[in-house]
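These notes are about the structure you will find just below.
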Amino acid sequence: MPIEILIAPAAPAVESAGDFWKYGLPVVSLVAGILLKWVLDGALERRRDAAQEAKRLAERRDALKARQADVERSNLLALQPLMSRHVRGVFLTLDEAKAAMAEAQVWKVPRSGPGAEESRVARFEMTPIRARLHNRELAQEITEFVALHIDDTESKGAANLITMQIARQFDSISAKIGDEIRRLEDAELQLAGNPTPK
């Protein structure tokens, strides 16, 4: 049997294998490329969505911080004139009590005079504002300041001491309020000057 007869049946198989490399491989490569692109696009989309979500959260957090700073600053600014009115009322009440003592030779703090009324109203108006402060240490100091008054003093000397204590606390708290307002303004400027990176 000639060798050509034995080799002949293998020829179509070789030719079909050559056809696969010629026609089949590009199709398989195209399908694999489409699948790979789909997987990569999905991964990139998820990463892009996560980055956008993180950016939105950071922007929202910055906006909330800015809003909180605005509210806190507004509360502190509202407290300042009320504190001044309280101090003014205490000094007016002291003057009224001294004038009454000069006439009657008896120490008696007027409960219904203009000074006492101004101090009382200022203290009442401060109560809800200081309750909203985020700086609890400052709020506590204001609470102690509000609790000081000369309504129940038994002598001119005691009233003078409490009045001077009120004046000193007023100066100290006013300085701390000023520092806190500046800190809030600086923090807000930093938020405005350093936007969230894209």
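Convention: chains lettered A, B, ... in structure tokens order; per-chain residue numbering from 1; ligands numbered from 1 as shown.
All residues of protein, DNA or RNA that reach within 12 Å of stretch 185-192 of chain A, judged by only C-alpha atoms and not counting those fewer than 3 positions away in the chain, are Ala58, Glu59, Arg60, Arg61, Asp62, Ala63, Leu64, Lys65, Ala66, Arg67, Gln68, Ala69, Asp70, Val71, Glu72, Arg73, Ser74, Gly178, Asp179, Glu180, Ile181, Arg182, Pro195, Thr196 and Pro197 of chain A.
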Within 12 Å of A:Glu125, counting only C-alpha atoms, which residues qualify if same-chain residues fewer than 2 places away don't, as an mmCIF file with N, CA, C and O atoms, in the first residue's frame?
data_model
loop_
_atom_site.group_PDB
_atom_site.id
_atom_site.type_symbol
_atom_site.label_atom_id
_atom_site.label_comp_id
_atom_site.auth_asym_id
_atom_site.auth_seq_id
_atom_site.Cartn_x
_atom_site.Cartn_y
_atom_site.Cartn_z
ATOM 1 N N ASN A 75 -26.016 82.100 67.191
ATOM 2 C CA ASN A 75 -26.384 81.984 68.607
ATOM 3 C C ASN A 75 -25.446 82.805 69.496
ATOM 4 O O ASN A 75 -25.903 83.490 70.422
ATOM 5 N N ALA A 78 -26.179 86.434 69.124
ATOM 6 C CA ALA A 78 -27.430 86.793 69.805
ATOM 7 C C ALA A 78 -27.236 86.871 71.313
ATOM 8 O O ALA A 78 -27.925 87.640 72.001
ATOM 9 N N LEU A 79 -26.297 86.087 71.855
ATOM 10 C CA LEU A 79 -26.055 86.097 73.301
ATOM 11 C C LEU A 79 -25.372 87.379 73.771
ATOM 12 O O LEU A 79 -25.631 87.849 74.895
ATOM 13 N N GLN A 80 -24.517 87.940 72.936
ATOM 14 C CA GLN A 80 -23.712 89.082 73.373
ATOM 15 C C GLN A 80 -24.546 90.268 73.862
ATOM 16 O O GLN A 80 -24.320 90.769 74.972
ATOM 17 N N PRO A 81 -25.534 90.746 73.091
ATOM 18 C CA PRO A 81 -26.317 91.873 73.610
ATOM 19 C C PRO A 81 -27.161 91.507 74.830
ATOM 20 O O PRO A 81 -27.389 92.356 75.700
ATOM 21 N N LEU A 82 -27.603 90.250 74.911
ATOM 22 C CA LEU A 82 -28.382 89.832 76.079
ATOM 23 C C LEU A 82 -27.518 89.827 77.334
ATOM 24 O O LEU A 82 -27.968 90.228 78.425
ATOM 25 N N MET A 83 -26.278 89.384 77.195
ATOM 26 C CA MET A 83 -25.356 89.432 78.325
ATOM 27 C C MET A 83 -25.108 90.873 78.757
ATOM 28 O O MET A 83 -25.085 91.174 79.961
ATOM 29 N N ARG A 85 -27.165 93.367 78.406
ATOM 30 C CA ARG A 85 -28.376 93.848 79.068
ATOM 31 C C ARG A 85 -28.465 93.333 80.502
ATOM 32 O O ARG A 85 -28.901 94.050 81.404
ATOM 33 N N HIS A 86 -28.070 92.085 80.705
ATOM 34 C CA HIS A 86 -28.077 91.520 82.064
ATOM 35 C C HIS A 86 -27.138 92.317 82.968
ATOM 36 O O HIS A 86 -27.510 92.710 84.087
ATOM 37 N N GLU A 118 -34.934 94.537 83.437
ATOM 38 C CA GLU A 118 -34.039 94.338 82.287
ATOM 39 C C GLU A 118 -33.159 93.110 82.481
ATOM 40 O O GLU A 118 -32.996 92.298 81.565
ATOM 41 N N SER A 119 -32.607 92.952 83.679
ATOM 42 C CA SER A 119 -31.771 91.788 83.970
ATOM 43 C C SER A 119 -32.578 90.501 83.879
ATOM 44 O O SER A 119 -32.126 89.508 83.288
ATOM 45 N N ARG A 120 -33.776 90.490 84.424
ATOM 46 C CA ARG A 120 -34.609 89.291 84.429
ATOM 47 C C ARG A 120 -34.987 88.872 83.010
ATOM 48 O O ARG A 120 -34.876 87.709 82.635
ATOM 49 N N VAL A 121 -35.422 89.835 82.208
ATOM 50 C CA VAL A 121 -35.819 89.521 80.824
ATOM 51 C C VAL A 121 -34.614 89.003 80.031
ATOM 52 O O VAL A 121 -34.719 88.026 79.276
ATOM 53 N N ALA A 122 -33.450 89.641 80.205
ATOM 54 C CA ALA A 122 -32.244 89.209 79.485
ATOM 55 C C ALA A 122 -31.875 87.779 79.864
ATOM 56 O O ALA A 122 -31.515 86.963 79.005
ATOM 57 N N ARG A 123 -31.979 87.446 81.161
ATOM 58 C CA ARG A 123 -31.644 86.080 81.604
ATOM 59 C C ARG A 123 -32.607 85.057 81.009
ATOM 60 O O ARG A 123 -32.191 83.982 80.582
ATOM 61 N N THR A 127 -31.683 81.843 78.050
ATOM 62 C CA THR A 127 -31.819 80.420 78.386
ATOM 63 C C THR A 127 -31.945 79.512 77.163
ATOM 64 O O THR A 127 -31.177 78.564 77.016
ATOM 65 N N PRO A 128 -32.886 79.756 76.217
ATOM 66 C CA PRO A 128 -32.988 78.839 75.072
ATOM 67 C C PRO A 128 -31.799 78.924 74.129
ATOM 68 O O PRO A 128 -31.443 77.938 73.484
ATOM 69 N N ILE A 129 -31.172 80.086 74.059
ATOM 70 C CA ILE A 129 -30.033 80.242 73.137
ATOM 71 C C ILE A 129 -28.831 79.459 73.648
ATOM 72 O O ILE A 129 -28.199 78.709 72.904
ATOM 73 N N ARG A 130 -28.515 79.605 74.923
ATOM 74 C CA ARG A 130 -27.343 78.882 75.451
ATOM 75 C C ARG A 130 -27.588 77.380 75.469
ATOM 76 O O ARG A 130 -26.642 76.595 75.389
ATOM 77 N N ALA A 131 -28.854 76.964 75.552
ATOM 78 C CA ALA A 131 -29.158 75.530 75.506
ATOM 79 C C ALA A 131 -28.840 74.935 74.138
ATOM 80 O O ALA A 131 -28.605 73.730 74.019
ATOM 81 N N VAL A 146 -25.392 83.585 84.232
ATOM 82 C CA VAL A 146 -26.807 83.937 84.320
ATOM 83 C C VAL A 146 -27.328 83.751 85.749
ATOM 84 O O VAL A 146 -28.229 84.469 86.203
#
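Atom pair atom CA of A:Ile34 / atom CA of A:Ala51 has a distance of 25.4 Å (rounded to one decimal).
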